[in-house]
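Undergrad: input13.cif is the file, holding mmCIF, C-alpha atoms:
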data_data
loop_
_atom_site.group_PDB
_atom_site.id
_atom_site.type_symbol
_atom_site.label_atom_id
_atom_site.label_comp_id
_atom_site.auth_asym_id
_atom_site.auth_seq_id
_atom_site.Cartn_x
_atom_site.Cartn_y
_atom_site.Cartn_z
ATOM 1 C CA MET W 1 -78.540 31.474 133.814
ATOM 2 C CA GLN W 2 -76.471 33.489 136.246
ATOM 3 C CA PRO W 3 -72.718 33.390 135.822
ATOM 4 C CA TYR W 4 -70.770 32.027 138.755
ATOM 5 C CA HIS W 5 -67.358 33.175 139.862
ATOM 6 C CA LEU W 6 -64.391 30.876 140.208
ATOM 7 C CA GLY W 7 -61.311 32.775 141.268
ATOM 8 C CA ARG W 8 -60.962 35.906 139.157
ATOM 9 C CA LYS W 9 -62.998 34.706 136.171
ATOM 10 C CA ALA W 10 -66.764 34.534 135.727
ATOM 11 C CA MET W 11 -68.277 31.621 133.849
ATOM 12 C CA SER W 12 -71.641 32.205 132.242
ATOM 13 C CA ASP W 13 -71.193 29.981 129.209
ATOM 14 C CA CYS W 14 -68.924 27.306 127.809
ATOM 15 C CA ASP W 15 -66.441 28.512 125.230
ATOM 16 C CA VAL W 16 -66.349 25.307 123.178
ATOM 17 C CA GLN W 17 -63.725 26.562 120.760
ATOM 18 C CA GLY W 18 -61.407 27.520 123.614
ATOM 19 C CA LEU W 19 -62.012 24.297 125.535
ATOM 20 C CA LEU W 20 -61.596 21.957 122.600
ATOM 21 C CA GLN W 21 -58.958 23.871 120.648
ATOM 22 C CA SER W 22 -56.797 20.795 120.048
ATOM 23 C CA SER W 23 -59.757 18.534 119.208
ATOM 24 C CA VAL W 24 -61.939 20.679 116.944
ATOM 25 C CA PRO W 25 -60.945 20.438 113.292
ATOM 26 C CA VAL W 26 -60.764 23.698 111.334
ATOM 27 C CA GLU W 27 -63.418 22.497 108.885
ATOM 28 C CA PHE W 28 -65.927 22.090 111.721
ATOM 29 C CA GLY W 29 -66.882 25.736 111.291
ATOM 30 C CA LEU W 30 -68.214 28.533 113.458
ATOM 31 C CA THR W 31 -71.867 27.638 112.810
ATOM 32 C CA CYS W 32 -71.358 24.149 114.202
ATOM 33 C CA LEU W 33 -69.450 25.518 117.197
ATOM 34 C CA SER W 34 -72.152 28.071 118.020
ATOM 35 C CA GLU W 35 -74.815 25.353 117.688
ATOM 36 C CA LEU W 36 -72.847 23.156 120.082
ATOM 37 C CA GLU W 37 -72.326 26.034 122.539
ATOM 38 C CA SER W 38 -76.076 26.715 122.588
ATOM 39 C CA ARG W 39 -76.717 23.159 123.831
ATOM 40 C CA ILE W 40 -73.988 22.837 126.412
ATOM 41 C CA GLN W 41 -74.548 23.836 130.048
ATOM 42 C CA PRO W 42 -71.977 25.132 132.562
ATOM 43 C CA ILE W 43 -71.903 23.273 135.881
ATOM 44 C CA GLY W 44 -69.999 24.247 138.986
ATOM 45 C CA PRO W 45 -68.036 25.189 140.733
ATOM 46 C CA GLN W 46 -67.147 22.019 142.569
ATOM 47 C CA ARG W 47 -64.901 22.709 145.506
ATOM 48 C CA ARG W 48 -61.839 20.604 146.150
ATOM 49 C CA GLY W 49 -62.966 17.169 147.377
ATOM 50 C CA GLU W 50 -66.510 17.396 145.942
ATOM 51 C CA HIS W 51 -67.698 14.690 143.577
ATOM 52 C CA LEU W 52 -69.148 15.462 140.176
ATOM 53 C CA TYR W 53 -70.479 11.909 139.899
ATOM 54 C CA ARG W 54 -70.030 8.521 141.560
ATOM 55 C CA VAL W 55 -69.869 4.868 140.525
ATOM 56 C CA SER W 56 -73.276 3.429 139.533
ATOM 57 C CA GLN W 57 -74.876 6.876 139.286
ATOM 58 C CA SER W 58 -76.984 7.337 136.152
ATOM 59 C CA ALA W 59 -74.887 8.637 133.251
ATOM 60 C CA GLU W 60 -76.988 10.611 130.810
ATOM 61 C CA GLU W 61 -74.356 13.174 129.864
ATOM 62 C CA ILE W 62 -70.705 13.771 129.179
ATOM 63 C CA PHE W 63 -68.644 16.573 130.653
ATOM 64 C CA ILE W 64 -65.892 18.796 129.299
ATOM 65 C CA VAL W 65 -63.571 20.141 131.972
ATOM 66 C CA HIS W 66 -63.777 23.944 131.968
ATOM 67 C CA SER W 67 -61.325 24.628 134.794
ATOM 68 C CA GLY W 68 -59.443 22.817 137.510
ATOM 69 C CA CYS W 69 -58.534 19.146 137.754
ATOM 70 C CA TYR W 70 -60.563 15.993 138.391
ATOM 71 C CA LYS W 71 -59.430 12.540 139.451
ATOM 72 C CA LEU W 72 -61.322 9.500 138.132
ATOM 73 C CA TYR W 73 -61.118 6.495 140.434
ATOM 74 C CA ALA W 74 -62.870 3.370 141.663
ATOM 75 C CA TYR W 75 -62.250 0.686 144.262
ATOM 76 C CA ASP W 76 -61.330 -2.895 143.462
ATOM 77 C CA ARG W 77 -62.895 -5.878 145.247
ATOM 78 C CA ALA W 78 -60.247 -5.738 147.957
ATOM 79 C CA GLY W 79 -61.151 -2.104 148.685
ATOM 80 C CA ARG W 80 -58.003 -0.589 147.155
ATOM 81 C CA GLU W 81 -58.367 2.659 145.232
ATOM 82 C CA TYR W 82 -57.700 2.333 141.505
ATOM 83 C CA ILE W 83 -56.970 5.631 139.751
ATOM 84 C CA HIS W 84 -58.272 5.674 136.208
ATOM 85 C CA GLY W 85 -56.821 9.078 135.354
ATOM 86 C CA PHE W 86 -56.794 12.819 135.783
ATOM 87 C CA ARG W 87 -58.758 15.270 133.660
ATOM 88 C CA LEU W 88 -57.813 18.875 132.917
ATOM 89 C CA ARG W 89 -59.304 21.745 130.902
ATOM 90 C CA GLY W 90 -60.669 20.475 127.579
ATOM 91 C CA SER W 91 -60.731 16.813 128.653
ATOM 92 C CA LEU W 92 -63.867 14.716 128.244
ATOM 93 C CA MET W 93 -65.343 12.917 131.253
ATOM 94 C CA GLY W 94 -68.179 10.447 131.560
ATOM 95 C CA LEU W 95 -67.622 8.612 128.272
ATOM 96 C CA HIS W 96 -67.472 5.296 130.131
ATOM 97 C CA GLY W 97 -71.029 5.929 131.315
ATOM 98 C CA LEU W 98 -72.411 6.057 127.771
ATOM 99 C CA TYR W 99 -72.041 2.279 127.747
ATOM 100 C CA GLY W 100 -74.504 0.769 130.166
ATOM 101 C CA GLY W 101 -75.970 4.086 131.312
ATOM 102 C CA ALA W 102 -74.106 4.224 134.647
ATOM 103 C CA HIS W 103 -70.771 5.697 135.688
ATOM 104 C CA GLN W 104 -67.951 3.207 136.151
ATOM 105 C CA PHE W 105 -65.748 5.648 138.079
ATOM 106 C CA ASN W 106 -66.016 8.381 140.690
ATOM 107 C CA ALA W 107 -65.011 11.895 139.593
ATOM 108 C CA VAL W 108 -63.671 14.116 142.378
ATOM 109 C CA ALA W 109 -62.377 17.684 142.072
ATOM 110 C CA LEU W 110 -58.721 17.951 143.137
ATOM 111 C CA THR W 111 -58.869 21.741 142.939
ATOM 112 C CA ASP W 112 -61.794 24.142 142.671
ATOM 113 C CA SER W 113 -63.128 23.046 139.289
ATOM 114 C CA SER W 114 -65.980 23.408 136.816
ATOM 115 C CA VAL W 115 -67.328 21.533 133.802
ATOM 116 C CA CYS W 116 -69.607 21.973 130.827
ATOM 117 C CA ARG W 117 -72.344 19.355 130.456
ATOM 118 C CA LEU W 118 -73.781 17.916 127.236
ATOM 119 C CA SER W 119 -76.619 15.406 127.516
ATOM 120 C CA ARG W 120 -76.705 12.145 125.575
ATOM 121 C CA THR W 121 -79.934 13.195 123.820
ATOM 122 C CA LYS W 122 -78.337 16.463 122.670
ATOM 123 C CA ILE W 123 -75.322 14.557 121.349
ATOM 124 C CA VAL W 124 -77.667 12.359 119.302
ATOM 125 C CA GLU W 125 -79.676 15.386 118.064
ATOM 126 C CA LEU W 126 -76.523 17.224 116.998
ATOM 127 C CA GLY W 127 -75.182 14.104 115.302
ATOM 128 C CA LYS W 128 -78.345 13.825 113.201
ATOM 129 C CA GLN W 129 -78.413 17.532 112.294
ATOM 130 C CA MET W 130 -74.684 17.972 111.699
ATOM 131 C CA PRO W 131 -72.623 15.029 110.461
ATOM 132 C CA ASP W 132 -69.495 17.165 111.018
ATOM 133 C CA PHE W 133 -70.293 17.278 114.733
ATOM 134 C CA PHE W 134 -70.620 13.510 114.884
ATOM 135 C CA ASN W 135 -67.257 13.077 113.136
ATOM 136 C CA MET W 136 -65.631 15.557 115.540
ATOM 137 C CA PHE W 137 -67.182 13.818 118.540
ATOM 138 C CA LEU W 138 -65.922 10.412 117.387
ATOM 139 C CA SER W 139 -62.478 11.915 116.876
ATOM 140 C CA MET W 140 -62.503 13.295 120.436
ATOM 141 C CA VAL W 141 -63.614 9.919 121.835
ATOM 142 C CA GLY W 142 -60.852 8.195 119.874
ATOM 143 C CA GLN W 143 -58.288 10.683 121.166
ATOM 144 C CA GLU W 144 -59.340 9.954 124.768
ATOM 145 C CA MET W 145 -59.142 6.203 124.127
ATOM 146 C CA VAL W 146 -55.667 6.405 122.621
ATOM 147 C CA SER W 147 -54.383 8.442 125.559
ATOM 148 C CA ASN W 148 -55.707 5.761 127.949
ATOM 149 C CA ILE W 149 -54.188 2.866 125.990
ATOM 150 C CA PHE W 150 -50.663 3.905 126.924
ATOM 151 C CA LEU W 151 -51.515 3.729 130.608
ATOM 152 C CA SER W 152 -53.152 0.298 130.433
ATOM 153 C CA GLY W 153 -50.870 -1.500 127.972
ATOM 154 C CA ASN W 154 -48.262 -4.158 128.543
ATOM 155 C CA PHE W 155 -45.707 -1.848 130.135
ATOM 156 C CA THR W 156 -43.729 -2.021 133.337
ATOM 157 C CA ALA W 157 -44.921 0.104 136.238
ATOM 158 C CA GLU W 158 -42.032 2.530 135.657
ATOM 159 C CA GLU W 159 -42.901 2.877 131.954
ATOM 160 C CA ARG W 160 -46.572 3.560 132.768
ATOM 161 C CA VAL W 161 -45.621 6.207 135.348
ATOM 162 C CA ALA W 162 -43.199 7.854 132.916
ATOM 163 C CA CYS W 163 -45.803 7.820 130.113
ATOM 164 C CA PHE W 164 -48.435 9.224 132.452
ATOM 165 C CA LEU W 165 -46.186 12.043 133.700
ATOM 166 C CA VAL W 166 -45.123 13.079 130.189
ATOM 167 C CA SER W 167 -48.702 12.953 128.872
ATOM 168 C CA PHE W 168 -50.177 14.724 131.891
ATOM 169 C CA SER W 169 -47.542 17.477 131.915
ATOM 170 C CA LYS W 170 -48.187 18.127 128.179
ATOM 171 C CA LYS W 171 -51.930 18.411 128.853
ATOM 172 C CA LEU W 172 -51.321 20.611 131.869
ATOM 173 C CA CYS W 173 -49.010 22.983 130.026
ATOM 174 C CA SER W 174 -51.322 23.219 127.004
ATOM 175 C CA SER W 175 -54.245 23.971 129.336
ATOM 176 C CA PHE W 176 -52.462 26.663 131.324
ATOM 177 C CA ASN W 177 -49.778 27.921 128.896
ATOM 178 C CA CYS W 178 -46.926 27.001 131.207
ATOM 179 C CA THR W 179 -43.433 25.638 130.863
ATOM 180 C CA GLU W 180 -43.204 23.978 134.291
ATOM 181 C CA PRO W 181 -46.339 22.069 135.284
ATOM 182 C CA ARG W 182 -47.739 21.948 138.808
ATOM 183 C CA LEU W 183 -49.375 18.544 139.275
ATOM 184 C CA PRO W 184 -52.498 18.645 141.516
ATOM 185 C CA MET W 185 -52.690 14.901 142.283
ATOM 186 C CA SER W 186 -53.672 14.569 145.924
#
Using structure tokens, write down the structure that the file contains.

TA:
Amino acid sequence: MQPYHLGRKAMSDCDVQGLLQSSVPVEFGLTCLSELESRIQPIGPQRRGEHLYRVSQSAEEIFIVHSGCYKLYAYDRAGREYIHGFRLRGSLMGLHGLYGGAHQFNAVALTDSSVCRLSRTKIVELGKQMPDFFNMFLSMVGQEMVSNIFLSGNFTAEERVACFLVSFSKKLCSSFNCTEPRLPMS
């Protein structure tokens, strides 16, 4: 596979340890990480405004954001846009599609972005071969669910916005080693 260039960096593989640094437990081990890296595929770049996937599209894989920022959204019955969230480097995308086999949201790149793809069948294979991988994967899924609970709970609109901004700025700064986040939310 040929590396592609996004800005100043070339991407020819997915550095799982770097992408999932906050999610991968120390005991997971280098062997498990290298096995995971051998089964993951880089995808991209998507230019700003391009969709990675759309509602109802078949969902046979999950994605880990490698670079950039994605917005997950759908439309309600009245045609209003509903924003499900924003995903940055190291975030999982497409988990909602594992249930039912189709995406429930659209994923659009807000900046030039790229992802690493892992198919559902490879997740199952790795889970059978390496119980540690399965435990790590469940932990990552749980972490994503917990972060979404705060935005969908019984809070006022102001509390949800405040929670979102604090959570998003923490993710942004951990992804880009910054002290003042720049929020790409167009």

Undergrad: Kindly indicate which residue among W:His103, W:Arg87, W:Lys122, W:Arg48 lies nearest to Glu35 in chain W, using all atoms listed in the file for the distances.

TA: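 Going through W:His103, W:Arg87, W:Lys122, W:Arg48 one by one, the smallest distance to Glu35 in chain W is for W:Lys122.
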
Undergrad: Please produce, as CSV, a per-residue contact table for range 71-124 of chain W versus range 37-40 of chain W (criterion: any atom at most 12 Å away, only C-alpha atoms considered), showing the nearest atom pair and its distance in Å to one decimal, sorted by chain then residue number.

TA:
residue,atom,partner,partner_atom,distance
W:Val115,CA,W:Ile40,CA,10.0
W:Cys116,CA,W:Ile40,CA,6.3
W:Arg117,CA,W:Ile40,CA,5.6
W:Leu118,CA,W:Ile40,CA,5.0
W:Ser119,CA,W:Ile40,CA,8.0
W:Arg120,CA,W:Ile40,CA,11.1
W:Thr121,CA,W:Arg39,CA,10.5
W:Lys122,CA,W:Arg39,CA,7.0
W:Ile123,CA,W:Arg39,CA,9.1
W:Val124,CA,W:Arg39,CA,11.7

Undergrad: Of the residues W:Val108, W:Gly101, W:Phe137, W:Tyr82, which is the one nearest to Gln46 in chain W, using all atoms listed in the file?

TA: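 Between W:Val108, W:Gly101, W:Phe137, W:Tyr82, the residue approaching Gln46 in chain W most closely is W:Val108.
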
Undergrad: Quote the spacing between CA of Ser56 in chain W and CA of Ala102 in chain W in Å to one decimal place.

TA: 5.0 Å

Undergrad: May I ask which of the residues W:Leu126, W:Cys14, W:Leu98, W:Leu138 is the closest one to Val65 in chain W, counting all atoms listed in the file?

TA: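 Closest candidate: W:Cys14.
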
Undergrad: Could you check how far CA of Gln104 in chain W sits from CA of Leu36 in chain W, in Å to one decimal?

TA: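 Going from CA of Gln104 in chain W over to CA of Leu36 in chain W, I get 26.1 Å.
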
Undergrad: Work out how far CA of Ser113 in chain W is from CA of Ser67 in chain W, in Å to one decimal.

TA: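 CA of Ser113 in chain W lies at a distance of 5.1 Å from CA of Ser67 in chain W.
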